[in-house]
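> final_1.txt (compact mmCIF, C-alpha atoms) pasted underneath:
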```txt
# COMPACT_ATOMS: atom_id res chain seq x y z
CA MET J 274 16.41 142.62 69.66
CA TYR J 275 15.72 145.07 72.46
CA ASP J 276 13.55 144.64 75.52
CA PHE J 277 12.13 147.23 77.89
CA PHE J 278 10.96 146.64 81.40
CA LEU J 279 9.07 148.39 84.12
CA ARG J 280 10.38 147.65 87.58
CA GLY J 281 8.59 148.50 90.81
CA LYS J 282 7.25 147.10 94.05
CA LEU J 283 3.46 146.90 93.84
CA GLY J 284 1.67 149.30 96.14
CA ARG J 285 4.83 151.13 97.03
CA TYR J 286 7.54 151.90 94.51
CA PRO J 287 6.94 153.13 90.99
CA PRO J 288 7.88 150.98 88.01
CA TRP J 289 10.98 151.82 86.01
CA PRO J 290 11.86 151.29 82.32
CA GLY J 291 14.86 149.29 81.21
CA LYS J 292 16.18 146.96 78.49
CA ILE J 293 17.84 143.58 78.17
CA VAL J 294 21.58 143.81 77.64
CA SER J 295 24.35 141.27 77.47
CA PRO J 296 25.93 140.62 80.88
CA PRO J 297 29.70 140.86 81.34
CA LYS J 298 31.44 137.68 80.21
CA ASP J 299 32.66 136.87 83.73
CA LEU J 300 29.23 137.36 85.29
CA LYS J 301 27.42 134.09 85.92
CA LYS J 302 23.67 133.78 85.62
CA PRO J 303 21.95 132.90 88.93
CA ARG J 304 21.24 129.20 89.24
CA GLY J 305 17.70 127.91 89.02
CA LYS J 306 16.30 131.23 87.87
CA LYS J 307 14.98 131.96 84.39
CA CYS J 308 15.95 135.59 84.06
CA HIS J 309 17.47 138.32 81.89
CA PHE J 310 20.24 140.82 82.60
CA VAL J 311 18.70 144.30 82.56
CA LYS J 312 19.97 147.87 82.35
CA PHE J 313 17.51 150.51 83.58
CA PHE J 314 17.01 153.82 81.81
CA GLY J 315 17.96 156.99 83.63
CA THR J 316 20.25 155.18 86.10
CA GLU J 317 23.43 153.15 86.17
CA ASP J 318 21.55 150.16 87.60
CA HIS J 319 21.97 146.63 86.22
CA ALA J 320 20.40 143.45 87.57
CA TRP J 321 19.23 139.93 86.81
CA ILE J 322 15.42 140.05 86.57
CA LYS J 323 13.18 136.98 86.63
CA VAL J 324 11.06 136.41 83.53
CA GLU J 325 7.80 136.20 85.47
CA GLN J 326 8.34 139.78 86.62
CA LEU J 327 8.03 141.19 83.09
CA LYS J 328 5.10 142.96 81.46
CA PRO J 329 4.69 144.78 78.13
CA TYR J 330 5.87 148.39 78.19
CA HIS J 331 3.38 149.82 75.66
CA THR J 332 0.44 148.03 77.25
CA HIS J 333 1.16 149.45 80.70
CA LYS J 334 2.91 152.75 79.93
CA GLU J 335 -0.08 155.08 80.34
CA GLU J 336 -1.18 153.34 83.53
CA MET J 337 2.30 153.65 85.04
CA ILE J 338 2.68 157.31 84.05
CA LYS J 339 -0.60 158.11 85.81
CA ILE J 340 0.50 156.60 89.11
CA ASN J 341 4.00 158.09 89.08
CA LYS J 342 4.47 161.83 88.52
CA GLY J 343 8.11 161.87 89.62
CA LYS J 344 10.54 163.91 87.55
CA ARG J 345 13.17 161.16 87.37
CA PHE J 346 10.59 158.60 86.26
CA GLN J 347 9.40 160.92 83.50
CA GLN J 348 12.99 161.48 82.41
CA ALA J 349 13.48 157.71 82.23
CA VAL J 350 10.32 157.31 80.14
CA ASP J 351 11.52 160.11 77.84
CA ALA J 352 14.80 158.23 77.45
CA VAL J 353 12.85 155.12 76.41
CA GLU J 354 10.88 157.09 73.82
CA ASP J 355 14.07 158.64 72.43
CA PHE J 356 15.58 155.18 72.16
CA LEU J 357 12.49 153.87 70.37
CA LYS J 358 12.65 156.71 67.84
CA LYS J 359 16.29 155.98 67.09
CA ALA J 360 15.63 152.24 66.88
CA LYS J 361 12.57 152.62 64.65
CA GLY J 362 13.13 150.96 61.30
CA LYS J 363 16.40 149.41 62.48
CA GLU J 364 15.33 146.92 65.11
CA GLN J 365 12.21 145.09 66.06
CA VAL J 366 11.35 146.39 69.50
CA ARG J 367 9.75 144.21 72.16
CA VAL J 368 8.71 145.87 75.37
CA SER J 369 8.19 144.32 78.81
CA SER J 370 8.24 145.30 82.49
CA THR J 371 9.37 144.04 85.91
CA LEU J 372 7.18 144.63 88.90
CA PHE J 373 9.40 144.27 91.97
CA PHE J 374 11.67 147.26 92.47
CA PHE J 375 12.80 146.04 95.90
CA LEU J 376 14.01 142.74 94.51
CA ASN J 377 15.88 144.63 91.82
CA LYS J 378 17.76 146.69 94.36
CA ARG J 379 18.74 143.58 96.31
CA LEU J 380 19.78 141.87 93.10
CA PHE J 381 23.01 143.89 93.11
CA CYS J 382 24.12 141.54 95.87
CA PHE J 383 22.85 138.53 93.96
CA ILE J 384 24.87 139.40 90.84
CA GLN J 385 28.03 138.27 92.61
CA TYR J 386 26.71 135.62 94.97
CA GLY J 387 23.67 134.11 93.26
CA PHE J 388 20.18 134.00 94.74
CA PRO J 389 20.13 133.05 98.44
CA LYS J 390 17.46 130.76 99.76
CA ASP J 391 14.11 132.57 100.09
CA ASP J 392 15.69 135.69 98.56
CA VAL J 393 17.10 136.77 101.95
CA LEU J 394 20.76 137.77 101.98
CA ILE J 395 22.61 136.56 105.08
CA VAL J 396 26.31 137.18 105.70
CA GLN J 397 27.99 135.91 108.84
CA ASP J 398 31.13 137.73 109.94
CA THR J 399 34.07 135.96 111.58
CA GLY J 400 33.38 137.69 114.89
CA SER J 401 30.23 138.17 116.92
CA THR J 402 28.76 140.68 114.48
CA SER J 403 26.19 139.45 112.00
CA ILE J 404 24.91 141.28 108.97
CA GLN J 405 21.49 140.45 107.66
CA ALA J 406 19.07 142.10 105.29
CA ALA J 407 15.74 142.60 107.00
CA ASP J 408 13.26 139.79 106.47
CA SER J 409 10.36 140.67 104.25
CA THR J 410 6.86 140.83 105.66
CA ALA J 411 5.52 141.89 102.29
CA ILE J 412 2.36 140.15 101.18
CA ASN J 413 1.51 140.27 97.46
CA GLY J 414 3.87 143.21 97.02
CA SER J 415 2.53 145.36 99.87
CA ILE J 416 3.72 145.88 103.44
CA THR J 417 1.78 144.58 106.42
CA PRO J 418 2.35 147.33 109.02
CA THR J 419 3.03 146.44 112.60
CA ASP J 420 0.14 147.00 115.00
CA LYS J 421 2.56 148.59 117.48
CA ARG J 422 2.17 152.33 118.10
CA ILE J 423 5.04 154.25 116.53
CA GLY J 424 6.48 157.53 117.79
CA PHE J 425 8.82 159.76 115.77
CA LEU J 426 10.89 162.66 117.09
CA GLY J 427 12.56 165.03 114.63
CA LEU J 428 11.08 166.12 111.30
CA GLY J 429 14.15 167.40 109.48
CA LEU J 430 15.35 166.53 105.98
CA MET J 431 15.51 162.82 106.74
CA GLY J 432 12.80 162.46 109.37
CA SER J 433 10.09 164.07 107.25
CA GLY J 434 10.46 161.53 104.45
CA ILE J 435 10.63 158.64 106.90
CA VAL J 436 7.41 159.65 108.67
CA SER J 437 5.63 160.21 105.39
CA ASN J 438 6.46 156.68 104.25
CA LEU J 439 5.50 155.16 107.61
CA LEU J 440 2.08 156.79 107.28
CA LYS J 441 1.67 155.75 103.65
CA MET J 442 2.28 152.14 104.61
CA GLY J 443 -0.44 152.25 107.27
CA HIS J 444 1.55 152.65 110.49
CA ILE J 445 0.04 154.45 113.48
CA VAL J 446 2.46 157.33 114.09
CA THR J 447 2.70 160.03 116.76
CA VAL J 448 5.06 162.89 115.91
CA TRP J 449 6.95 165.60 117.78
CA ASN J 450 9.32 168.28 116.55
CA ARG J 451 11.09 171.12 118.31
CA THR J 452 9.49 173.49 115.77
CA ALA J 453 5.89 172.42 116.22
CA GLU J 454 4.70 173.87 112.88
CA LYS J 455 6.54 171.09 111.04
CA CYS J 456 4.09 168.60 112.53
CA ASP J 457 1.06 170.17 110.84
CA LEU J 458 1.48 168.49 107.45
CA PHE J 459 1.79 165.05 109.05
CA ILE J 460 -1.23 165.63 111.26
CA GLN J 461 -3.17 166.28 108.04
CA GLU J 462 -1.84 162.96 106.69
CA GLY J 463 -3.13 161.08 109.73
CA ALA J 464 -0.36 161.35 112.33
CA ARG J 465 -1.08 162.12 115.96
CA LEU J 466 0.64 164.95 117.84
CA GLY J 467 2.79 164.48 120.92
CA ARG J 468 3.36 167.52 123.12
CA THR J 469 6.76 166.44 124.44
CA PRO J 470 9.31 163.66 123.76
CA ALA J 471 8.35 162.14 127.13
CA GLU J 472 4.69 162.03 126.12
CA VAL J 473 5.49 160.38 122.79
CA ALA J 474 7.66 157.72 124.46
CA SER J 475 4.94 157.12 127.04
CA MET J 476 2.15 156.81 124.42
CA CYS J 477 4.02 154.63 121.94
CA ASP J 478 5.46 151.12 121.88
CA ILE J 479 8.38 152.08 119.64
CA THR J 480 9.84 155.60 119.48
CA PHE J 481 12.26 156.69 116.76
CA SER J 482 14.51 159.74 116.96
CA CYS J 483 16.34 161.46 114.11
CA VAL J 484 18.12 164.69 115.06
CA SER J 485 21.20 166.63 114.02
CA ASP J 486 24.10 165.73 116.32
CA PRO J 487 25.21 164.08 119.59
CA LYS J 488 24.15 167.02 121.78
CA ALA J 489 20.66 167.11 120.27
CA ALA J 490 20.37 163.33 120.69
CA ARG J 491 21.37 163.51 124.37
CA ASP J 492 19.13 166.49 125.10
CA LEU J 493 16.16 164.72 123.55
CA VAL J 494 16.56 161.79 125.94
CA LEU J 495 18.02 163.38 129.06
CA GLY J 496 16.63 166.93 128.92
CA PRO J 497 13.45 168.37 130.47
CA SER J 498 10.38 166.37 129.39
CA GLY J 499 12.82 164.07 127.59
CA VAL J 500 12.33 160.54 126.33
CA LEU J 501 13.75 158.98 129.50
CA GLN J 502 10.81 160.30 131.52
CA GLY J 503 8.43 158.34 129.29
CA ILE J 504 10.35 155.08 129.21
CA ARG J 505 8.73 152.13 130.98
CA PRO J 506 9.66 148.43 130.97
CA GLY J 507 9.27 147.03 127.46
CA LYS J 508 9.22 150.40 125.69
CA CYS J 509 11.51 150.58 122.65
CA TYR J 510 13.73 153.51 121.72
CA ILE J 511 15.50 153.69 118.35
CA GLU J 512 18.21 156.30 117.76
CA MET J 513 18.47 157.05 114.04
CA SER J 514 20.74 160.09 114.33
CA THR J 515 24.32 159.88 113.05
CA VAL J 516 26.32 160.26 116.26
CA ASP J 517 29.50 158.88 117.85
CA PRO J 518 29.62 155.41 119.47
CA GLU J 519 30.08 156.94 122.94
CA THR J 520 26.76 158.75 122.68
CA ILE J 521 25.07 155.50 121.62
CA THR J 522 26.57 153.65 124.59
CA GLU J 523 25.36 156.34 126.99
CA LEU J 524 21.82 156.40 125.56
CA SER J 525 21.63 152.60 125.51
CA GLN J 526 22.61 152.42 129.16
CA VAL J 527 20.10 155.00 130.39
CA ILE J 528 17.23 153.53 128.34
CA THR J 529 17.87 149.96 129.48
CA SER J 530 18.33 151.12 133.09
CA ARG J 531 14.62 152.00 133.04
CA GLY J 532 13.65 148.62 131.59
CA GLY J 533 13.49 149.95 128.04
CA ARG J 534 14.83 148.26 124.92
CA PHE J 535 17.37 150.08 122.75
CA LEU J 536 18.38 149.96 119.10
CA GLU J 537 20.50 152.33 117.06
CA ALA J 538 19.55 152.62 113.38
CA PRO J 539 21.32 155.46 111.54
CA VAL J 540 20.48 155.72 107.85
CA ALA J 541 22.62 156.11 104.76
CA GLY J 542 21.01 158.32 102.15
CA SER J 543 19.69 161.78 101.43
CA GLN J 544 16.46 163.75 101.55
CA GLN J 545 15.45 162.42 98.14
CA LEU J 546 16.16 158.82 99.12
CA SER J 547 14.27 159.39 102.36
CA ASN J 548 11.28 160.70 100.43
CA ASP J 549 11.47 157.73 98.07
CA GLY J 550 11.69 155.19 100.90
CA MET J 551 15.09 154.04 99.61
CA LEU J 552 17.34 154.57 102.63
CA VAL J 553 19.82 151.96 103.87
CA ILE J 554 19.34 151.26 107.57
CA LEU J 555 22.28 150.21 109.74
CA ALA J 556 20.99 148.70 112.97
CA ALA J 557 22.70 147.49 116.13
CA GLY J 558 21.68 146.73 119.70
CA ASP J 559 18.65 144.72 120.77
CA ARG J 560 17.97 142.20 118.01
CA THR J 561 14.34 141.71 119.09
CA VAL J 562 13.66 145.43 118.59
CA TYR J 563 15.18 145.16 115.11
CA GLU J 564 12.78 142.33 114.32
CA ASP J 565 9.81 144.20 115.79
CA CYS J 566 10.60 147.11 113.43
CA SER J 567 10.68 145.04 110.26
CA SER J 568 7.68 146.72 108.62
CA CYS J 569 8.94 150.18 109.63
CA PHE J 570 12.33 149.55 108.06
CA GLN J 571 10.69 148.27 104.89
CA ALA J 572 8.57 151.42 104.69
CA MET J 573 11.54 153.76 104.98
CA GLY J 574 14.34 151.86 103.28
CA LYS J 575 15.39 149.55 100.49
CA THR J 576 17.35 147.29 102.85
CA SER J 577 18.62 147.08 106.40
CA PHE J 578 21.61 145.48 108.10
CA PHE J 579 21.95 144.23 111.67
CA LEU J 580 25.51 144.84 112.89
CA GLY J 581 25.55 143.34 116.37
CA GLU J 582 26.13 145.24 119.61
CA ALA J 583 25.17 148.90 120.10
CA GLY J 584 27.81 151.26 118.78
CA ASN J 585 28.69 149.23 115.70
CA ALA J 586 26.13 151.00 113.51
CA ALA J 587 27.46 154.40 114.60
CA ARG J 588 30.99 153.31 113.69
CA MET J 589 29.94 152.00 110.29
CA MET J 590 27.84 155.08 109.55
CA LEU J 591 30.71 157.45 110.36
CA ILE J 592 33.04 155.49 108.10
CA LEU J 593 30.53 155.63 105.24
CA ASN J 594 29.96 159.35 105.63
CA MET J 595 33.70 159.95 105.96
CA VAL J 596 34.16 158.32 102.56
CA GLN J 597 31.25 160.22 101.02
CA GLY J 598 32.39 163.57 102.38
CA SER J 599 35.97 163.05 101.26
CA PHE J 600 34.79 161.93 97.82
CA MET J 601 32.54 164.98 97.39
CA ALA J 602 35.42 167.30 98.31
CA THR J 603 37.65 165.57 95.77
CA ILE J 604 35.05 165.93 93.02
CA ALA J 605 34.70 169.64 93.83
CA GLU J 606 38.47 169.99 93.71
CA GLY J 607 38.55 168.31 90.30
CA LEU J 608 35.84 170.59 88.91
CA THR J 609 37.63 173.73 90.07
CA LEU J 610 41.03 172.50 88.87
CA ALA J 611 39.50 171.84 85.44
CA GLN J 612 38.27 175.43 85.35
CA ALA J 613 41.59 176.82 86.59
CA THR J 614 43.50 175.00 83.83
CA GLY J 615 41.18 176.08 81.04
CA GLN J 616 39.25 172.81 80.73
CA SER J 617 35.50 172.55 80.31
CA GLN J 618 33.84 171.53 83.56
CA GLN J 619 30.94 169.98 81.64
CA THR J 620 33.35 167.92 79.54
CA PHE J 621 35.13 166.82 82.71
CA LEU J 622 31.78 165.65 84.07
CA ASP J 623 30.82 163.92 80.82
CA ILE J 624 34.09 162.00 80.82
CA LEU J 625 33.81 161.17 84.53
CA CYS J 626 30.32 159.76 84.04
CA GLN J 627 31.50 157.42 81.31
CA GLY J 628 34.24 155.88 83.44
CA GLN J 629 34.50 153.60 86.45
CA MET J 630 33.37 156.28 88.89
CA ALA J 631 30.10 156.87 87.05
CA SER J 632 27.13 157.08 89.42
CA THR J 633 23.87 158.92 89.91
CA PHE J 634 25.45 160.62 92.93
CA VAL J 635 28.34 162.07 90.90
CA ASP J 636 26.12 163.13 88.01
CA GLN J 637 23.47 164.83 90.15
CA LYS J 638 25.89 166.60 92.48
CA CYS J 639 28.08 167.87 89.65
CA GLN J 640 25.16 169.04 87.54
CA ASN J 641 23.78 170.91 90.55
CA ILE J 642 27.17 172.55 91.08
CA LEU J 643 27.36 173.68 87.46
CA GLN J 644 23.82 175.06 87.73
CA GLY J 645 24.60 176.83 91.00
CA ASN J 646 21.93 174.78 92.76
CA PHE J 647 22.93 174.02 96.35
CA LYS J 648 19.50 173.26 97.77
CA PRO J 649 20.21 170.84 100.63
CA ASP J 650 19.71 167.13 100.06
CA TYR J 651 22.16 166.48 102.91
CA TYR J 652 23.38 169.46 104.92
CA LEU J 653 27.01 170.48 104.55
CA LYS J 654 27.22 171.16 108.30
CA HIS J 655 26.18 167.57 108.99
CA ILE J 656 28.77 165.96 106.74
CA GLN J 657 31.43 168.14 108.38
CA LYS J 658 30.19 166.95 111.77
CA ASP J 659 30.44 163.36 110.58
CA LEU J 660 33.98 163.90 109.29
CA ARG J 661 34.95 165.38 112.65
CA LEU J 662 33.49 162.43 114.53
CA ALA J 663 35.13 159.93 112.18
CA ILE J 664 38.53 161.58 112.67
CA SER J 665 38.04 161.43 116.45
CA MET J 666 37.08 157.76 116.15
CA GLY J 667 40.26 157.15 114.19
CA ASP J 668 42.31 158.87 116.87
CA MET J 669 40.78 156.65 119.56
CA ALA J 670 41.62 153.57 117.49
CA ASN J 671 45.13 154.92 116.82
CA HIS J 672 44.34 154.77 113.10
CA PRO J 673 45.41 157.59 110.73
CA THR J 674 42.72 159.45 108.75
CA PRO J 675 44.74 162.02 106.73
CA MET J 676 42.34 162.12 103.77
CA ALA J 677 39.35 162.76 106.02
CA ALA J 678 41.32 165.40 107.94
CA ALA J 679 42.13 167.26 104.72
CA ALA J 680 38.51 167.09 103.56
CA ASN J 681 37.33 168.29 106.97
CA GLU J 682 39.40 171.46 106.62
CA VAL J 683 37.79 172.19 103.25
CA TYR J 684 34.30 171.77 104.73
CA LYS J 685 35.25 174.01 107.66
CA ARG J 686 36.23 176.68 105.16
CA ALA J 687 32.91 176.23 103.37
CA LYS J 688 31.10 176.68 106.70
CA ALA J 689 33.07 179.89 107.27
CA LEU J 690 31.67 181.04 103.91
CA ASP J 691 28.10 180.56 105.23
CA GLN J 692 27.48 177.29 103.40
CA SER J 693 26.43 175.28 106.48
CA ASP J 694 22.76 175.03 105.52
CA ASN J 695 23.45 174.28 101.86
CA ASP J 696 23.98 170.87 100.32
CA ILE J 697 27.28 169.02 100.79
CA SER J 698 28.09 169.90 97.17
CA ALA J 699 28.48 173.53 98.31
CA VAL J 700 31.98 172.48 99.42
CA TYR J 701 32.74 173.55 95.85
CA ARG J 702 32.53 177.16 97.00
CA ALA J 703 35.44 176.64 99.36
CA TYR J 704 37.66 176.34 96.29
CA ILE J 705 36.45 179.43 94.43
CA HIS J 706 36.61 181.99 97.26
```
Can you dump the structure from the file as structure tokens?

Amino acid sequence: MYDFFLRGKLGRYPPWPGKIVSPPKDLKKPRGKKCHFVKFFGTEDHAWIKVEQLKPYHTHKEEMIKINKGKRFQQAVDAVEDFLKKAKGKEQVRVSSTLFFFLNKRLFCFIQYGFPKDDVLIVQDTGSTSIQAADSTAINGSITPTDKRIGFLGLGLMGSGIVSNLLKMGHIVTVWNRTAEKCDLFIQEGARLGRTPAEVASMCDITFSCVSDPKAARDLVLGPSGVLQGIRPGKCYIEMSTVDPETITELSQVITSRGGRFLEAPVAGSQQLSNDGMLVILAAGDRTVYEDCSSCFQAMGKTSFFLGEAGNAARMMLILNMVQGSFMATIAEGLTLAQATGQSQQTFLDILCQGQMASTFVDQKCQNILQGNFKPDYYLKHIQKDLRLAISMGDMANHPTPMAAAANEVYKRAKALDQSDNDISAVYRAYIH
């Protein structure tokens, strides 16, 4: 007996098809919850889904297809139809759907630990740092936007998706970008235009910044017509750029010296995840600012973590990107070694995606490499910057980072081959030239 589901957060995320499967033998069912273990089509996602979140697939399929034109969703629906054709005449097929995509994503935590009270995951560390998923302010599946005026500086790969989702969820947003033309699309979507970073900070209650590197982050605050000139007591500034902890400390000090409130909130993800509102936000600094931004973080991400004092989020983000960058370089090395030894790269990928390292990230990056598609989802120059900063952080902590150092050299070679503005997967080209 097979079951299909449609998952999705009402009013925000599209549904997604899946089927009931048997959970691993050592995986306990959450207590007090009548639910099924589900595998979703087109992904490697598995989760316990509550029965009341199910609806018939056939009954709702056409409706769901109309509201979601995404390529990946269509591919998932196609996978369902292929499965139905193969199952026809062999199995009785029953089709249902789940409606809360956000809960599904958080259920990965619940698989191991059960369902926390009120569906909010709280983990207390042994030190002063606490980690907490952002509280939900969702009402009947939709977000209640804050009435605070939001400013956003920097409309690059990540910032553009973030602003788009803030606007979609009803936030009042004023935008600024160094290249002013990038603001035009968001003005058409209802954003307001700020002439300078100082003006945006002055006009808004909460100002976000998402730029390329430490120098750009400092210049935006400390430079001519910078954010600092617009900071007044009570104004909030949130640094979302991936930078080093020292830069965060400096910016926190200058903002608070003017009576402002500071939070760092770098994001883990890519352009696609930014567009989909599925980023992971790592926050640290002023806890009250974090709480004030609850609806903003829900609009742009699938979950958020509060990591304590300013600087901790920068440290964690650099570690995460160090691992991702090193991993991507290793995958590229494997692909090129397969080719050099007469092995099929596609077969290598097929085998890889059936093993323990299987993931959407590996599959998408490798397929793009084999197709010669290096359109940036996360700039190669930025992951190399993050590796460099992580290595420096390791040096300051007297901790060796030999794997990251080796990967950094490969990315530096890729940059020398004019791959800076391509995707991180273009590190592959460092091995074939």
> Quick one: residues within 7 Å of region 509-521 of chain J, only C-alpha atoms, excluding same-chain residues fewer than 4 positions away - as a list of chain:residue names?
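Selected residues are J:Asp478, J:Ile479, J:Thr480, J:Phe481, J:Ser482, J:Cys483, J:Val484, J:Ser485, J:Asp486, J:Pro487, J:Ser525, J:Gly533, J:Arg534, J:Phe535, J:Leu536, J:Glu537, J:Ala538, J:Pro539, J:Val540, J:Val562, J:Ala583, J:Gly584, J:Ala587, J:Arg588, J:Met590, J:Leu662.
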> Counting all atoms listed in the file, what is within 8 Å of Gly532 (chain J), bar same-chain residues fewer than 6 positions away, as a list in words?
Ile504, Arg505, Pro506, Gly507 and Lys508 of chain J
> Mind writing the picked residues with C-alpha atoms as an mmCIF file, in the frame of the given file?

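again_16.cif written:
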```
data_model
loop_
_atom_site.group_PDB
_atom_site.id
_atom_site.type_symbol
_atom_site.label_atom_id
_atom_site.label_comp_id
_atom_site.auth_asym_id
_atom_site.auth_seq_id
_atom_site.Cartn_x
_atom_site.Cartn_y
_atom_site.Cartn_z
ATOM 1 C CA ILE J 504 10.350 155.080 129.210
ATOM 2 C CA ARG J 505 8.730 152.130 130.980
ATOM 3 C CA PRO J 506 9.660 148.430 130.970
ATOM 4 C CA GLY J 507 9.270 147.030 127.460
ATOM 5 C CA LYS J 508 9.220 150.400 125.690
#
```
> Looking at only C-alpha atoms, which of J:Ala611, J:Ile656, J:Cys569, J:Met666 is the one that sits closest to Gln692 (chain J)?
J:Ile656
> Leaving out Asp420 (chain J) and any residue of its chain fewer than 4 positions from it, which residues lie within 12 Å of it when counting only C-alpha atoms, given as number ranges by chain?
J: 442-446, 477-479, 565-569
> Using only C-alpha atoms, determine which residues lie at most 9 Å from Val436 (chain J), disregarding the query and same-chain residues fewer than 3 positions distant; provide the list as a list in words.
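Counting only the stated atoms, we get Phe425, Leu428, Met431, Gly432, Ser433, Leu439, Leu440, Lys441, Val446, Val448, Phe459, Ala464 and Met573 of chain J.
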> Record the distance separating CA of Arg465 (chain J) and CA of Leu552 (chain J), expressed in Å with one decimal.
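Taking CA of Arg465 (chain J) and CA of Leu552 (chain J), their separation equals 24.0 Å.
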> Report, in Å to a single decimal, how far apart CA of Tyr563 (chain J) and CA of Arg468 (chain J) are.
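Value for the CA of Arg468 (chain J)-CA of Tyr563 (chain J) distance: 26.5 Å.
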> Considering all atoms listed in the file, state which residue in the set J:Leu546, J:Val353, J:Ala474, J:Val596 is at the smallest distance from Lys312 (chain J).
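So, comparing all the options, the nearest one is J:Val353.
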> Pull the neighbourhood of (38.3, 176.7, 100.4) for me: all residues within 6 Å in file coordinates, counting only C-alpha atoms, as a list in words.
Val683, Arg686, Ala703 and Tyr704 of chain J
> Return the single residue from J:Ala689, J:Val527, J:Ala663, J:Ile697 that is closest to Pro649 (chain J), with distances computed using only C-alpha atoms.
J:Ile697
> Could you tell me how far CA of Ile460 (chain J) lies from CA of Lys339 (chain J), in Å and to one decimal?
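Here the two named atoms are 26.5 Å from each other.
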> Of the residues J:Glu606, J:Asp696, J:Glu682, J:Asp668, which is the one nearest to Lys648 (chain J), using only C-alpha atoms?
J:Asp696
> Could you give me the centre and size, in Å to one decimal, of an axis-aligned box around all listed atoms of region 535-544 of chain J with 8 Å added on every side, as AutoDock Vina command-line options?

```
--center_x 19.5 --center_y 156.9 --center_z 112.1 --size_x 22.2 --size_y 29.8 --size_z 37.3
```
> Considering all atoms listed in the file, can you say which of J:Ala471, J:Leu593, J:Ala349, J:Ile293 comes closest to Gly503 (chain J)?
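Closest residue, counting all atoms listed in the file: J:Ala471.
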